[in-house]
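> One structure, pasted below without further comment.
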Amino acid sequence: MGPLRSVVLAGGGTGGHVYPLLAFADCLRRHDPGVRITCLGTPRGMENDLIPPQGYDLRPIPAYQLPRSINMNLVRTPGRMWTAARAAGKVIDEVQADAVIGFGGYVSVPAYLAAWRREMPIVIHEVNVPPGVANRLGMKFTKNIAVGFPHQPQQAESLRDARVVGVPLRRSIAGLDRA
């Protein structure tokens with residue numbers, strides 16, 4: 001694969017997904033100011049308040065919590081996922097993305113599904129042990145798993161082959177004068 005011209009970043013709902021996404025977006029922008037960065041988020045998540053002010057294109061797509069028990073939401077899940085993946089795919093196609101990078105959260109699942117259907121590279125960044133539900137599902141579609149901490153591959157079988165890359169930090173935190 002050649003240089004990235006356009007990338008879709010997926011992660012939303014909580015700061016644990018949004019802040020690493022933003023830090024990674026900033027890093028991409030520093031290394032290649034010409035790369036197109038498009039972020040996927042939920043219509044109501046905190047990403048709506050955080051991503052646009054940082055100058056990144058935020059595209060809301062429908063995202064649904066994956067049911068963790070047998071109930072009516074389980075019955076609705078396939079239709080909801082199809083709708084959400086179709087919306088993510090439209091964004092991927094529109095921005096001519098070269099790759100999808102997910103940071104977890106419900107918005108990541110449709111992005112992983114849409115990228116997988118297009119046979120495009122998927123990278124998952126995980127900082128939790130055990131991995132979150134969305135990223136565990138995404139791991140079925142890619143071997144490109146990045147983790148934040150050296151202990152993670154030893155603590156979770158699903159992360160055994162992951163590459164330790166660290167946790168993306170905002171420059172304001174990374175450059176903090178600790179004294």
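Scheme for the structure tokens: letters A, B, ... for chains in order shown; per-chain residue numbers from 1; ligand numbers from 1 in order shown.
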What's around Glu119 of chain A at 12 Å? Count only C-alpha atoms, leave out sequence neighbours fewer than 6 positions away in its own chain, and write the answer as number ranges by chain.
A: 89, 92, 97-100, 112-113, 141-142
> Near Phe103 of chain A, within 10 Å and counting only C-alpha atoms, which residues show up once chain neighbours fewer than 2 positions away are dropped, as a CSV table (one decimal) with C-alpha atoms, in the first residue's frame?

```csv
chain,number,residue,atom,x,y,z
A,9,LEU,CA,-11.1,7.3,12.0
A,10,ALA,CA,-13.9,5.6,14.0
A,11,GLY,CA,-14.4,6.0,17.6
A,12,GLY,CA,-17.0,7.8,19.7
A,16,GLY,CA,-11.6,6.9,26.1
A,17,HIS,CA,-12.3,6.5,22.4
A,18,VAL,CA,-12.5,10.2,21.3
A,19,TYR,CA,-9.3,11.6,22.8
A,20,PRO,CA,-7.0,8.9,21.4
A,21,LEU,CA,-8.7,9.3,18.0
A,24,PHE,CA,-3.8,10.2,16.4
A,101,ILE,CA,-8.6,3.0,11.9
A,105,GLY,CA,-17.1,2.3,20.7
A,106,TYR,CA,-20.3,1.4,18.9
A,107,VAL,CA,-19.5,3.6,15.9
A,108,SER,CA,-16.5,1.4,15.1
A,123,VAL,CA,-6.3,-1.1,12.0
A,124,ILE,CA,-7.7,-1.4,15.5
A,125,HIS,CA,-6.2,0.4,18.5
A,126,GLU,CA,-7.1,-1.1,21.9
A,127,VAL,CA,-6.2,0.1,25.4
A,132,GLY,CA,-14.1,-3.9,24.3
A,134,ALA,CA,-16.7,-3.4,19.3
A,135,ASN,CA,-13.0,-4.1,18.9
A,146,ALA,CA,-2.3,-2.0,18.0
```
> Could you check the closest approach to Arg29 of chain A for each of A:Ala115, A:Met120, A:Val75, A:Val7 and tell me which residue wins, using only C-alpha atoms?
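Checking each of A:Ala115, A:Met120, A:Val75, A:Val7 against Arg29 of chain A, counting only C-alpha atoms, the winner is A:Val7.
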> Would you mind reading off the distance between atom CA of Trp116 of chain A and atom CA of His151 of chain A, one decimal, in Å?
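For atom CA of Trp116 of chain A relative to atom CA of His151 of chain A, the distance reads 28.5 Å.
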> When DSSP works through the backbone of this structure, what residues of segment 89-148 of chain A end up as strand (DSSP E or B), shown as a PyMOL selection string?
chain A and resi 99-102+122-126+145-147
> I need the residues from that last selection saved to file as a short mmCIF file (atom, residue, chain, number, x, y, z; two decimals), in the first residue's frame (with N, CA and C atoms), if you can.

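Wrote again-v4.cif, looks like this:
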```
data_model
loop_
_atom_site.label_atom_id
_atom_site.label_comp_id
_atom_site.auth_asym_id
_atom_site.auth_seq_id
_atom_site.Cartn_x
_atom_site.Cartn_y
_atom_site.Cartn_z
N ALA A 99 -7.83 3.56 4.26
CA ALA A 99 -7.82 2.68 5.43
C ALA A 99 -8.83 3.19 6.44
N VAL A 100 -9.25 2.27 7.32
CA VAL A 100 -10.10 2.61 8.46
C VAL A 100 -9.33 2.27 9.72
N ILE A 101 -9.28 3.22 10.64
CA ILE A 101 -8.62 2.99 11.92
C ILE A 101 -9.67 3.20 13.00
N GLY A 102 -9.87 2.16 13.82
CA GLY A 102 -10.90 2.22 14.84
C GLY A 102 -10.31 2.26 16.24
N ILE A 122 -7.81 -2.38 7.72
CA ILE A 122 -8.42 -1.99 8.99
C ILE A 122 -7.32 -2.10 10.05
N VAL A 123 -7.22 -1.07 10.86
CA VAL A 123 -6.32 -1.09 12.01
C VAL A 123 -7.18 -0.81 13.24
N ILE A 124 -6.96 -1.60 14.28
CA ILE A 124 -7.70 -1.42 15.53
C ILE A 124 -6.72 -1.03 16.62
N HIS A 125 -7.05 0.02 17.35
CA HIS A 125 -6.24 0.42 18.50
C HIS A 125 -7.05 0.13 19.76
N GLU A 126 -6.46 -0.65 20.65
CA GLU A 126 -7.15 -1.07 21.88
C GLU A 126 -6.29 -0.76 23.09
N ILE A 145 -3.66 -5.15 14.77
CA ILE A 145 -4.11 -4.73 16.09
C ILE A 145 -2.96 -4.01 16.79
N ALA A 146 -3.24 -2.82 17.28
CA ALA A 146 -2.27 -2.04 18.03
C ALA A 146 -2.79 -1.90 19.46
N VAL A 147 -1.87 -1.99 20.41
CA VAL A 147 -2.26 -1.83 21.82
C VAL A 147 -1.43 -0.74 22.46
#
```
> As a compact mmCIF listing (two decimals) with all heavy atoms, in the first residue's frame, please: the residues near Val167 of chain A (cut-off 7 Å, only C-alpha atoms, same-chain neighbours under 2 positions excluded).

```txt
# COMPACT_ATOMS: atom_id res chain seq x y z
N PRO A 20 -8.03 9.53 22.22
CA PRO A 20 -6.97 8.89 21.44
C PRO A 20 -7.15 9.10 19.93
O PRO A 20 -6.18 9.28 19.20
CB PRO A 20 -7.07 7.41 21.81
CG PRO A 20 -7.72 7.40 23.14
CD PRO A 20 -8.68 8.57 23.13
N GLY A 148 -1.93 -0.24 23.55
CA GLY A 148 -1.28 0.86 24.23
C GLY A 148 -0.20 0.47 25.21
O GLY A 148 0.72 1.25 25.45
N VAL A 165 2.14 -0.03 20.52
CA VAL A 165 2.47 1.26 19.91
C VAL A 165 2.31 2.42 20.89
O VAL A 165 2.68 3.55 20.58
CB VAL A 165 1.60 1.53 18.65
CG1 VAL A 165 1.85 0.47 17.60
CG2 VAL A 165 0.13 1.63 19.00
N LEU A 169 -1.43 10.50 22.77
CA LEU A 169 -1.72 11.57 23.73
C LEU A 169 -1.78 12.90 23.03
O LEU A 169 -1.02 13.17 22.10
CB LEU A 169 -0.63 11.64 24.81
CG LEU A 169 -0.51 10.47 25.76
CD1 LEU A 169 0.69 10.68 26.69
CD2 LEU A 169 -1.78 10.29 26.57
```
